[in-house]
$ cat coords01.txt   # compact mmCIF, C-alpha atoms and all ligand atoms
# COMPACT_ATOMS: atom_id res chain seq x y z
CA MET Y 1 38.92 -49.67 28.18
CA LYS Y 2 35.19 -49.35 28.88
CA LEU Y 3 33.95 -47.14 31.73
CA ALA Y 4 32.60 -49.98 33.91
CA THR Y 5 36.13 -51.45 34.03
CA LYS Y 6 37.83 -48.09 34.51
CA LEU Y 7 35.61 -47.30 37.49
CA ILE Y 8 36.88 -50.40 39.29
CA HIS Y 9 40.55 -50.10 38.40
CA ALA Y 10 41.16 -46.33 38.10
CA GLY Y 11 43.99 -45.26 40.41
CA ALA Y 12 44.04 -48.65 42.10
CA GLU Y 13 47.58 -49.95 42.07
CA PRO Y 14 48.42 -52.48 44.79
CA ASP Y 15 50.20 -50.68 47.64
CA PRO Y 16 53.96 -50.84 46.89
CA SER Y 17 55.01 -51.64 50.46
CA THR Y 18 52.52 -54.45 51.26
CA GLY Y 19 50.56 -55.32 48.11
CA ALA Y 20 47.29 -54.21 49.78
CA ILE Y 21 44.69 -54.24 46.99
CA MET Y 22 42.87 -51.25 48.47
CA THR Y 23 44.82 -48.01 48.60
CA PRO Y 24 45.69 -47.53 52.31
CA ILE Y 25 44.59 -44.45 54.22
CA TYR Y 26 47.93 -42.69 54.63
CA GLN Y 27 47.01 -40.82 57.79
CA THR Y 28 50.17 -38.78 58.07
CA SER Y 29 51.08 -35.11 57.94
CA THR Y 30 54.72 -35.48 56.92
CA TYR Y 31 57.27 -37.92 55.47
CA VAL Y 32 60.73 -38.77 56.75
CA GLN Y 33 63.44 -37.68 54.33
CA GLU Y 34 66.60 -39.70 53.70
CA ALA Y 35 68.72 -36.55 53.55
CA PRO Y 36 67.82 -32.86 53.30
CA GLY Y 37 65.91 -32.46 50.03
CA LYS Y 38 66.12 -36.20 49.29
CA ASN Y 39 62.64 -37.75 49.54
CA LYS Y 40 60.32 -40.24 47.84
CA GLY Y 41 58.21 -37.54 46.17
CA TYR Y 42 56.28 -36.83 49.35
CA GLU Y 43 57.31 -33.95 51.60
CA TYR Y 44 54.29 -32.61 53.44
CA ALA Y 45 50.69 -33.84 53.24
CA ARG Y 46 49.06 -30.55 52.20
CA SER Y 47 51.13 -30.86 49.01
CA GLN Y 48 51.14 -34.64 48.49
CA ASN Y 49 49.43 -37.66 50.01
CA PRO Y 50 49.45 -41.17 48.45
CA THR Y 51 45.73 -41.80 49.14
CA ARG Y 52 44.88 -38.48 47.54
CA ALA Y 53 47.26 -39.18 44.64
CA ALA Y 54 45.46 -42.46 43.90
CA LEU Y 55 42.10 -40.67 43.95
CA GLU Y 56 43.35 -37.82 41.77
CA GLU Y 57 44.52 -40.36 39.21
CA ALA Y 58 41.10 -42.01 39.36
CA TYR Y 59 39.42 -38.61 38.88
CA ALA Y 60 41.39 -38.02 35.68
CA ILE Y 61 40.65 -41.49 34.30
CA ILE Y 62 36.89 -41.50 34.93
CA GLU Y 63 36.41 -38.12 33.18
CA ASN Y 64 38.65 -39.21 30.29
CA GLY Y 65 41.02 -36.41 31.23
CA LYS Y 66 44.77 -36.20 31.88
CA PHE Y 67 44.76 -34.68 35.37
CA GLY Y 68 42.62 -34.68 38.50
CA LEU Y 69 42.77 -32.63 41.70
CA ALA Y 70 40.87 -33.31 44.92
CA PHE Y 71 39.52 -30.57 47.20
CA SER Y 72 37.96 -30.52 50.64
CA SER Y 73 34.51 -29.76 49.14
CA GLY Y 74 32.80 -28.98 45.86
CA VAL Y 75 32.75 -25.27 46.63
CA ALA Y 76 36.48 -25.40 47.50
CA ALA Y 77 37.07 -26.80 43.98
CA THR Y 78 35.00 -23.95 42.48
CA ASP Y 79 36.86 -21.46 44.70
CA ALA Y 80 40.18 -22.71 43.28
CA VAL Y 81 38.99 -22.14 39.69
CA ILE Y 82 37.94 -18.55 40.42
CA LYS Y 83 41.34 -17.94 42.04
CA LEU Y 84 42.87 -18.34 38.57
CA LEU Y 85 41.41 -14.87 37.90
CA ALA Y 86 42.42 -11.32 38.83
CA PRO Y 87 40.38 -8.22 39.82
CA GLY Y 88 38.55 -6.81 36.81
CA ASP Y 89 38.25 -10.18 35.06
CA GLU Y 90 34.76 -11.17 33.99
CA VAL Y 91 32.98 -14.51 34.36
CA ILE Y 92 29.85 -15.46 32.44
CA CYS Y 93 27.76 -17.99 34.31
CA ALA Y 94 24.36 -19.67 34.35
CA ASN Y 95 21.45 -17.89 36.02
CA ASP Y 96 20.07 -20.96 37.81
CA MET Y 97 23.14 -22.75 39.09
CA TYR Y 98 23.76 -24.36 42.48
CA GLY Y 99 22.91 -21.88 45.27
CA GLY Y 100 26.29 -22.26 46.99
CA THR Y 101 28.11 -21.40 43.76
CA TYR Y 102 25.96 -18.28 43.40
CA ARG Y 103 26.71 -17.34 47.03
CA LEU Y 104 30.46 -17.84 46.55
CA PHE Y 105 30.44 -15.64 43.44
CA THR Y 106 28.21 -12.84 44.76
CA LYS Y 107 29.15 -12.72 48.44
CA VAL Y 108 32.86 -13.56 48.33
CA PHE Y 109 34.48 -13.00 44.94
CA GLU Y 110 32.58 -9.87 43.92
CA ARG Y 111 34.30 -8.19 46.90
CA PHE Y 112 37.64 -8.99 45.29
CA GLY Y 113 36.68 -7.26 42.06
CA ILE Y 114 35.76 -10.29 39.95
CA VAL Y 115 32.72 -9.46 37.79
CA PHE Y 116 30.02 -12.12 37.27
CA LYS Y 117 27.40 -11.91 34.53
CA TYR Y 118 24.41 -14.23 34.84
CA VAL Y 119 22.79 -15.35 31.61
CA ASP Y 120 20.46 -18.09 30.40
CA THR Y 121 23.11 -20.49 29.11
CA THR Y 122 20.54 -22.88 27.59
CA ASN Y 123 20.82 -20.55 24.63
CA ALA Y 124 24.56 -20.42 23.88
CA SER Y 125 24.23 -17.17 21.93
CA ASN Y 126 23.45 -15.39 25.22
CA ILE Y 127 27.04 -16.22 26.24
CA ASP Y 128 28.36 -14.86 22.97
CA ASP Y 129 26.46 -11.59 23.58
CA ALA Y 130 27.90 -11.20 27.10
CA ILE Y 131 31.56 -11.63 26.11
CA THR Y 132 33.88 -8.63 26.43
CA THR Y 133 37.66 -8.35 26.19
CA LYS Y 134 37.71 -8.93 29.96
CA THR Y 135 35.88 -12.26 29.88
CA LYS Y 136 38.23 -14.97 31.16
CA LEU Y 137 35.91 -17.78 32.21
CA VAL Y 138 32.52 -19.26 31.37
CA TRP Y 139 31.01 -21.33 34.19
CA ILE Y 140 28.12 -23.62 33.33
CA GLU Y 141 26.19 -26.37 35.05
CA THR Y 142 24.19 -28.99 33.14
CA PRO Y 143 21.71 -30.33 34.02
CA THR Y 144 21.05 -27.41 36.36
CA ASN Y 145 19.98 -27.62 39.94
CA PRO Y 146 17.03 -27.84 40.45
CA LEU Y 147 15.27 -27.00 37.17
CA MET Y 148 17.14 -29.56 35.04
CA ASN Y 149 17.93 -27.03 32.33
CA ILE Y 150 20.34 -28.32 29.73
CA THR Y 151 23.20 -26.35 28.20
CA ASP Y 152 24.87 -27.54 25.02
CA ILE Y 153 28.49 -27.95 26.17
CA ALA Y 154 29.94 -28.37 22.66
CA ALA Y 155 28.11 -25.26 21.43
CA VAL Y 156 29.49 -23.20 24.34
CA ALA Y 157 33.02 -24.56 23.72
CA GLU Y 158 32.75 -23.34 20.13
CA ILE Y 159 32.26 -19.84 21.51
CA THR Y 160 34.89 -19.94 24.28
CA LYS Y 161 37.76 -21.62 22.35
CA PRO Y 162 38.33 -18.99 19.62
CA ASN Y 163 38.07 -16.25 22.29
CA ASN Y 164 40.66 -17.94 24.56
CA ILE Y 165 38.14 -18.10 27.37
CA LEU Y 166 38.25 -21.01 29.82
CA LEU Y 167 35.13 -23.18 29.95
CA ALA Y 168 34.38 -24.88 33.28
CA VAL Y 169 31.47 -27.29 33.67
CA ASP Y 170 29.90 -28.33 36.97
CA ASN Y 171 29.20 -31.98 36.09
CA THR Y 172 27.86 -32.97 39.53
CA PHE Y 173 24.30 -33.83 38.44
CA ALA Y 174 25.30 -35.99 35.48
CA SER Y 175 28.37 -37.67 37.03
CA PRO Y 176 31.11 -38.97 34.71
CA PHE Y 177 28.90 -41.97 34.01
CA LEU Y 178 26.41 -39.90 32.01
CA GLN Y 179 28.46 -37.03 30.60
CA ASN Y 180 32.13 -36.19 29.96
CA PRO Y 181 32.50 -32.42 29.34
CA LEU Y 182 36.25 -32.54 28.54
CA GLU Y 183 35.40 -34.61 25.46
CA LEU Y 184 32.87 -31.95 24.44
CA GLY Y 185 35.46 -29.16 24.58
CA ALA Y 186 35.40 -28.02 28.23
CA ASP Y 187 38.72 -27.02 29.83
CA ILE Y 188 37.81 -27.85 33.42
CA VAL Y 189 35.27 -30.26 34.90
CA MET Y 190 34.16 -29.70 38.46
CA HIS Y 191 32.35 -32.22 40.67
CA SER Y 192 30.89 -32.09 44.10
CA ALA Y 193 32.22 -35.59 44.89
CA THR Y 194 29.96 -35.38 47.94
CA LYS Y 195 27.16 -36.48 45.60
CA TYR Y 196 27.30 -39.31 43.03
CA LEU Y 197 31.07 -39.95 43.16
CA GLY Y 198 31.07 -40.63 46.90
CA GLY Y 199 27.55 -41.98 46.53
CA HIS Y 200 26.86 -42.91 50.14
CA SER Y 201 26.17 -39.57 51.85
CA ASP Y 202 29.19 -39.97 54.10
CA VAL Y 203 31.77 -37.52 52.79
CA ILE Y 204 32.21 -33.91 51.64
CA GLN Y 205 34.64 -33.51 48.76
CA GLY Y 206 35.25 -31.73 45.46
CA ALA Y 207 37.10 -32.57 42.26
CA LEU Y 208 38.58 -30.81 39.26
CA MET Y 209 39.61 -32.59 36.07
CA MET Y 210 41.49 -31.11 33.10
CA ASN Y 211 43.72 -31.95 30.12
CA ASP Y 212 46.08 -28.99 29.96
CA ALA Y 213 49.30 -29.46 31.98
CA GLU Y 214 49.86 -25.74 32.51
CA LEU Y 215 46.31 -25.30 33.78
CA ARG Y 216 46.79 -28.30 36.07
CA ASP Y 217 49.97 -26.76 37.49
CA LYS Y 218 48.22 -23.45 38.18
CA LEU Y 219 45.35 -25.23 39.93
CA TYR Y 220 47.74 -27.46 41.87
CA PHE Y 221 49.59 -24.34 43.00
CA ILE Y 222 46.27 -22.90 44.27
CA GLN Y 223 45.35 -26.24 45.88
CA LYS Y 224 48.56 -26.39 47.94
CA SER Y 225 48.85 -22.63 48.55
CA CYS Y 226 45.26 -22.14 49.73
CA GLY Y 227 45.16 -25.54 51.40
CA ALA Y 228 41.57 -26.74 50.82
CA VAL Y 229 42.72 -30.37 50.57
CA PRO Y 230 40.66 -33.41 51.60
CA GLY Y 231 41.92 -35.75 54.32
CA PRO Y 232 43.12 -39.25 53.40
CA MET Y 233 40.08 -40.96 54.98
CA ASP Y 234 37.77 -38.88 52.77
CA CYS Y 235 39.88 -39.73 49.72
CA PHE Y 236 39.58 -43.41 50.58
CA LEU Y 237 35.78 -43.13 50.85
CA VAL Y 238 35.49 -41.51 47.42
CA LEU Y 239 37.90 -44.06 45.88
CA ARG Y 240 35.61 -46.74 47.24
CA GLY Y 241 32.47 -44.93 46.05
CA ILE Y 242 33.77 -44.63 42.50
CA LYS Y 243 34.04 -48.41 42.19
CA THR Y 244 30.26 -48.77 42.28
CA LEU Y 245 29.40 -45.61 40.32
CA GLY Y 246 28.45 -47.67 37.26
CA VAL Y 247 25.95 -49.98 38.94
CA ARG Y 248 24.58 -47.17 41.09
CA MET Y 249 24.03 -44.78 38.15
CA LYS Y 250 22.22 -47.47 36.16
CA ALA Y 251 19.83 -47.97 39.08
CA HIS Y 252 19.43 -44.17 39.63
CA CYS Y 253 18.54 -43.74 35.93
CA GLU Y 254 16.10 -46.64 35.87
CA ASN Y 255 14.30 -45.49 39.02
CA GLY Y 256 14.41 -41.86 37.88
CA LYS Y 257 12.71 -42.77 34.63
CA ALA Y 258 9.97 -44.76 36.38
CA ILE Y 259 9.26 -42.01 38.89
CA ALA Y 260 9.36 -39.17 36.35
CA HIS Y 261 6.74 -40.95 34.23
CA TRP Y 262 4.62 -41.78 37.26
CA LEU Y 263 4.68 -38.13 38.40
CA LYS Y 264 3.80 -36.92 34.91
CA ASN Y 265 0.66 -39.06 34.94
CA ASN Y 266 -0.37 -37.97 38.44
CA ALA Y 267 -3.47 -35.74 38.49
CA LYS Y 268 -2.12 -33.66 41.40
CA VAL Y 269 1.17 -32.84 39.72
CA ALA Y 270 1.30 -29.74 37.49
CA LYS Y 271 4.76 -30.00 35.99
CA VAL Y 272 7.69 -32.41 36.05
CA TYR Y 273 11.25 -31.31 35.28
CA TRP Y 274 13.29 -34.25 33.93
CA PRO Y 275 15.46 -34.05 30.80
CA GLY Y 276 14.34 -37.46 29.55
CA PHE Y 277 10.90 -36.18 28.49
CA GLU Y 278 10.65 -35.46 24.78
CA ASP Y 279 8.81 -32.22 25.52
CA HIS Y 280 11.62 -31.01 27.84
CA PRO Y 281 13.23 -28.00 26.06
CA GLY Y 282 16.70 -29.52 26.51
CA TYR Y 283 15.77 -33.05 25.43
CA ALA Y 284 17.61 -33.05 22.09
CA VAL Y 285 20.82 -31.68 23.61
CA ALA Y 286 20.57 -34.01 26.63
CA LYS Y 287 20.16 -36.97 24.29
CA LYS Y 288 23.21 -35.84 22.34
CA GLN Y 289 25.61 -35.16 25.22
CA MET Y 290 24.40 -37.53 27.96
CA SER Y 291 24.21 -41.33 27.85
CA ASP Y 292 21.05 -41.38 30.02
CA PHE Y 293 18.93 -38.88 31.96
CA GLY Y 294 19.78 -39.49 35.61
CA GLY Y 295 17.83 -39.69 38.84
CA MET Y 296 17.27 -36.01 39.62
CA ILE Y 297 13.67 -34.83 39.18
CA SER Y 298 11.82 -31.68 40.24
CA PHE Y 299 8.08 -31.15 40.17
CA GLU Y 300 5.38 -28.62 40.99
CA LEU Y 301 1.99 -29.45 42.46
CA LYS Y 302 -1.31 -28.28 40.95
CA ASN Y 303 -2.11 -26.80 44.35
CA ASP Y 304 0.78 -24.37 44.02
CA SER Y 305 1.26 -23.27 47.61
CA VAL Y 306 4.08 -23.52 50.13
CA GLU Y 307 1.62 -25.18 52.55
CA GLU Y 308 0.80 -28.01 50.14
CA ALA Y 309 4.48 -28.47 49.29
CA ASN Y 310 5.28 -28.61 53.02
CA ARG Y 311 2.56 -31.20 53.55
CA VAL Y 312 4.03 -33.48 50.87
CA LEU Y 313 7.60 -32.87 52.07
CA SER Y 314 6.75 -33.95 55.59
CA SER Y 315 4.66 -36.99 54.56
CA THR Y 316 7.22 -39.23 52.83
CA HIS Y 317 8.97 -42.01 54.73
CA LEU Y 318 11.45 -43.56 52.28
CA PHE Y 319 12.32 -40.17 50.81
CA SER Y 320 14.15 -38.37 53.63
CA LEU Y 321 13.79 -34.61 53.89
CA ALA Y 322 17.36 -33.42 53.42
CA GLU Y 323 19.70 -31.30 51.35
CA SER Y 324 22.27 -32.98 49.13
CA LEU Y 325 21.77 -35.63 46.47
CA GLY Y 326 23.40 -38.52 44.66
CA GLY Y 327 23.47 -41.02 47.55
CA VAL Y 328 22.03 -44.53 47.46
CA GLU Y 329 19.08 -43.39 49.58
CA SER Y 330 16.26 -41.25 48.18
CA LEU Y 331 16.00 -37.65 49.34
CA ILE Y 332 13.29 -35.01 49.02
CA ASN Y 333 14.06 -31.31 49.18
CA HIS Y 334 12.37 -27.92 49.07
CA PRO Y 335 14.79 -25.68 47.11
CA ALA Y 336 13.09 -22.41 48.10
CA SER Y 337 13.65 -22.93 51.83
CA MET Y 338 16.62 -25.32 51.77
CA THR Y 339 19.28 -25.62 49.03
CA HIS Y 340 18.40 -22.32 47.34
CA ALA Y 341 17.43 -20.24 50.37
CA SER Y 342 20.53 -18.10 49.80
CA ILE Y 343 19.08 -16.78 46.52
CA PRO Y 344 16.78 -13.77 47.04
CA ARG Y 345 13.10 -14.72 46.47
CA GLU Y 346 12.59 -12.22 43.65
CA GLU Y 347 15.63 -13.58 41.81
CA ARG Y 348 14.49 -17.14 42.42
CA ILE Y 349 10.96 -16.64 41.06
CA LYS Y 350 12.32 -14.73 38.07
CA ASN Y 351 14.44 -17.77 37.24
CA GLY Y 352 11.41 -20.10 37.37
CA LEU Y 353 12.14 -21.56 40.79
CA SER Y 354 8.69 -21.41 42.39
CA ASP Y 355 7.83 -21.52 46.09
CA SER Y 356 6.23 -24.96 45.76
CA LEU Y 357 8.91 -26.66 43.69
CA ILE Y 358 9.96 -30.04 45.12
CA ARG Y 359 13.22 -31.75 44.18
CA LEU Y 360 13.84 -35.48 44.36
CA SER Y 361 17.17 -37.28 44.42
CA VAL Y 362 15.95 -40.72 43.48
CA GLY Y 363 17.99 -43.42 45.20
CA ILE Y 364 18.55 -47.04 44.30
CA GLU Y 365 15.79 -48.61 46.41
CA ASP Y 366 13.02 -50.57 44.66
CA ALA Y 367 11.09 -48.21 42.35
CA ASP Y 368 7.69 -49.65 43.37
CA ASP Y 369 8.36 -48.84 47.02
CA LEU Y 370 9.47 -45.31 46.14
CA ILE Y 371 6.36 -44.71 44.03
CA GLU Y 372 4.12 -46.03 46.81
CA ASP Y 373 5.82 -43.64 49.24
CA LEU Y 374 5.24 -40.66 46.94
CA ASN Y 375 1.70 -41.77 46.17
CA LYS Y 376 0.78 -41.75 49.86
CA ALA Y 377 2.45 -38.38 50.40
CA ILE Y 378 0.96 -36.60 47.37
CA GLY Y 379 -2.34 -38.32 48.17
C1 LIG Y 401 26.55 -29.88 46.21
C2 LIG Y 401 26.87 -29.16 44.96
C3 LIG Y 401 27.96 -28.28 44.89
C4 LIG Y 401 28.83 -27.95 46.11
O1 LIG Y 401 29.53 -29.06 46.55
P1 LIG Y 401 29.91 -29.30 48.12
O2 LIG Y 401 30.59 -30.61 48.07
O3 LIG Y 401 28.64 -29.29 48.88
O4 LIG Y 401 30.80 -28.18 48.50
C5 LIG Y 401 28.23 -27.68 43.67
N1 LIG Y 401 27.46 -27.90 42.59
C6 LIG Y 401 26.41 -28.74 42.62
C7 LIG Y 401 25.61 -28.95 41.40
C8 LIG Y 401 26.07 -29.39 43.79
O5 LIG Y 401 25.01 -30.19 43.83
$ encode --input "coords01.txt" --output "structure tokens"
Amino acid sequence: MKLATKLIHAGAEPDPSTGAIMTPIYQTSTYVQEAPGKNKGYEYARSQNPTRAALEEAYAIIENGKFGLAFSSGVAATDAVIKLLAPGDEVICANDMYGGTYRLFTKVFERFGIVFKYVDTTNASNIDDAITTKTKLVWIETPTNPLMNITDIAAVAEITKPNNILLAVDNTFASPFLQNPLELGADIVMHSATKYLGGHSDVIQGALMMNDAELRDKLYFIQKSCGAVPGPMDCFLVLRGIKTLGVRMKAHCENGKAIAHWLKNNAKVAKVYWPGFEDHPGYAVAKKQMSDFGGMISFELKNDSVEEANRVLSSTHLFSLAESLGGVESLINHPASMTHASIPREERIKNGLSDSLIRLSVGIEDADDLIEDLNKAIG
């Protein structure tokens, strides 16, 4: 079955009790049992909920995986993966990943004795060099946030597999519409469903997808034991969002392409980060592992100052100044003071994330209107 069809039908069985075509929001905490220990597969809603079950099935199907698990946020999903580990275990991860992931690793899990090594994963051999007998997990993100660096997932899997190291990929920026890491050899895919999967900026949620049943059972055990589960209303919203992922992503990609090219030709813009440009260092890999290049773009101004960036950031009207991404509406963001403020400045600059960098989440409005908005703001 093709993806466009899967997105509509994944996890969507008519409700057994009424035939409702949309999965109902089972707003309940518990389930009445016929006799002690005799139930319909549902005992308590932290462990099982039918709305969540439908969404988890959809998660598996849209990533071409066997299993899906839903969490109360993207970072809760990441948190569950790290809880597979024990003190002393080592994780190799990307040096320019999502700021909240970095914060979770450095400020929470380091205290519990998990060791994180940050490397430039765009060159897979850097991962190879960092592996020790204690390495249990490689955590990558591609494209990265906000510099759009590309890591070759298949090349990393070739390193992790023979070493029995788990490979987890944060696939939030690409969405399952553009990239399917499980097919490229990843063991776990993570999504902030808050972004493209939900798609309407109205829900916080996270997802994990995997193929291995034992790994699924371990992660399910963590999900129910630690309890970071999403409520049924949130599951319903993401189920609904997924249905339009295909049409939305096509529009995000089309608008992204138009705006990236427009920015590149703008005299006031110094540099545009978008993996669809042939001179982008990750272009060849992006072309190989993604079906299109997405609607996330970052750029630097020729007048490379925080003041000039602030002027542009406060001058757009259609692009709203906000954190987050992947919704139908266009957003503009200043990583240094917003999404990546938790990364120390020195570290940030070292990783190429300048003070004046501006990130766009291009929405699905008309591209001409979006360009006019940016044109007025950049002036
Ligand atoms: C937003 C985001 C996260 C965290 O997800 P939440 O749903 O906000 O907890 C993780 N990774 C990436 C790439 C993100 O954009």
$ residues_near_ligand --input "coords01.txt" --ligand "ligand LIG 401 (chain Y)" --cutoff "6 Å" --atoms "all atoms listed in the file" --output "JSON, numbers by chain"
{"Y": [73, 74, 75, 98, 145, 172, 173, 192, 194, 204, 205, 206]}
$ residues_around --input "coords01.txt" --residues "Gly276 of chain Y" --least-positions-apart "2" --cutoff "8 Å" --atoms "only C-alpha atoms" --output "PyMOL selection string"
chain Y and resi 257+274+278+280+283+286-287+292-293
$ write_last_selection --input "coords01.txt" --atoms "C-alpha atoms" --output "short mmCIF file (atom, residue, chain, number, x, y, z; two decimals), keeping the file's coordinate frame"
data_model
loop_
_atom_site.label_atom_id
_atom_site.label_comp_id
_atom_site.auth_asym_id
_atom_site.auth_seq_id
_atom_site.Cartn_x
_atom_site.Cartn_y
_atom_site.Cartn_z
CA LYS Y 257 12.71 -42.77 34.63
CA TRP Y 274 13.29 -34.25 33.93
CA GLU Y 278 10.65 -35.46 24.78
CA HIS Y 280 11.62 -31.01 27.84
CA TYR Y 283 15.77 -33.05 25.43
CA ALA Y 286 20.57 -34.01 26.63
CA LYS Y 287 20.16 -36.97 24.29
CA ASP Y 292 21.05 -41.38 30.02
CA PHE Y 293 18.93 -38.88 31.96
#
$ closest_residue --input "coords01.txt" --among "Y:Tyr42, Y:Trp139, Y:Phe319, Y:Phe299" --to "Arg359 of chain Y" --atoms "only C-alpha atoms"
Y:Phe299
$ closest_residue --input "coords01.txt" --among "Y:Glu347, Y:Leu357, Y:Gly295, Y:Gly352" --to "Glu329 of chain Y" --atoms "all atoms listed in the file"
Y:Gly295
$ atom_distance --input "coords01.txt" --atom1 "atom CA of His200 of chain Y" --atom2 "atom CA of Gly241 of chain Y"
7.2 Å
$ axis_aligned_box --input "coords01.txt" --around "segment 296-301 of chain Y" --padding-each-side "3 Å" --output "lines of an AutoDock Vina configuration file"
center_x = 9.6
center_y = -32.3
center_z = 40.8
size_x = 21.3
size_y = 13.4
size_z = 9.3
$ atom_distance --input "coords01.txt" --atom1 "atom CA of Asn64 of chain Y" --atom2 "atom CA of Gly198 of chain Y"
18.3 Å
$ closest_residue --input "coords01.txt" --among "Y:Phe277, Y:Tyr59, Y:Phe221, Y:Phe105" --to "Leu84 of chain Y" --atoms "all atoms listed in the file"
Y:Phe221
$ atom_distance --input "coords01.txt" --atom1 "atom CA of Ser361 of chain Y" --atom2 "atom CA of Ile82 of chain Y"
28.3 Å
$ residues_near_point --input "coords01.txt" --point "(36.8, -30.5, 27.8)" --cutoff "10 Å" --atoms "all atoms listed in the file" --output "short mmCIF file (atom, residue, chain, number, x, y, z; two decimals) with C-alpha atoms, in the coordinates of the input"
data_model
loop_
_atom_site.label_atom_id
_atom_site.label_comp_id
_atom_site.auth_asym_id
_atom_site.auth_seq_id
_atom_site.Cartn_x
_atom_site.Cartn_y
_atom_site.Cartn_z
CA GLU Y 63 36.41 -38.12 33.18
CA ASN Y 64 38.65 -39.21 30.29
CA GLY Y 65 41.02 -36.41 31.23
CA ILE Y 153 28.49 -27.95 26.17
CA ALA Y 154 29.94 -28.37 22.66
CA ALA Y 157 33.02 -24.56 23.72
CA LEU Y 166 38.25 -21.01 29.82
CA LEU Y 167 35.13 -23.18 29.95
CA ALA Y 168 34.38 -24.88 33.28
CA VAL Y 169 31.47 -27.29 33.67
CA ASN Y 180 32.13 -36.19 29.96
CA PRO Y 181 32.50 -32.42 29.34
CA LEU Y 182 36.25 -32.54 28.54
CA GLU Y 183 35.40 -34.61 25.46
CA LEU Y 184 32.87 -31.95 24.44
CA GLY Y 185 35.46 -29.16 24.58
CA ALA Y 186 35.40 -28.02 28.23
CA ASP Y 187 38.72 -27.02 29.83
CA ILE Y 188 37.81 -27.85 33.42
CA VAL Y 189 35.27 -30.26 34.90
CA MET Y 209 39.61 -32.59 36.07
CA MET Y 210 41.49 -31.11 33.10
CA ASN Y 211 43.72 -31.95 30.12
CA ASP Y 212 46.08 -28.99 29.96
#
$ residues_around --input "coords01.txt" --residues "Arg348 of chain Y" --least-positions-apart "5" --cutoff "12 Å" --atoms "all atoms listed in the file" --output "PyMOL selection string"
chain Y and resi 95-99+102+146-147+335-337+339-343+353-357
$ closest_atom_pairs --input "coords01.txt" --of "segment 223-316 of chain Y" --to "segment 362-372 of chain Y" --cutoff "6 Å" --atoms "only C-alpha atoms" --output "tab-separated table"
residue	atom	partner	partner_atom	distance
Y:Ala251	CA	Y:Ile364	CA	5.5
Y:His252	CA	Y:Ile364	CA	5.6
Y:Asn255	CA	Y:Ala367	CA	5.4
Y:Gly256	CA	Y:Val362	CA	5.9
Y:Gly295	CA	Y:Val362	CA	5.1
$ residues_around --input "coords01.txt" --residues "Asn303 of chain Y" --least-positions-apart "2" --cutoff "12 Å" --atoms "only C-alpha atoms" --output "list in words"
Ala267, Lys268, Val269, Ala270, Lys271, Phe299, Glu300, Leu301, Ser305, Val306, Glu307, Glu308, Ala309, Asn310, Arg311, Val312, Asp355, Ser356, Leu357 and Ile378 of chain Y
$ closest_residue --input "coords01.txt" --among "Y:Met338, Y:Ile114, Y:Ala70, Y:Ile8" --to "Glu90 of chain Y" --atoms "only C-alpha atoms"
Y:Ile114
$ closest_residue --input "coords01.txt" --among "Y:Ala58, Y:Ile92, Y:Ala76, Y:Leu321" --to "Leu360 of chain Y" --atoms "all atoms listed in the file"
Y:Leu321
$ closest_residue --input "coords01.txt" --among "Y:Ala322, Y:Ala130, Y:Ala213, Y:Val81" --to "Thr101 of chain Y" --atoms "all atoms listed in the file"
Y:Val81
$ residues_around --input "coords01.txt" --residues "Met249 of chain Y" --least-positions-apart "4" --cutoff "9 Å" --atoms "only C-alpha atoms" --output "count of residues only"
11
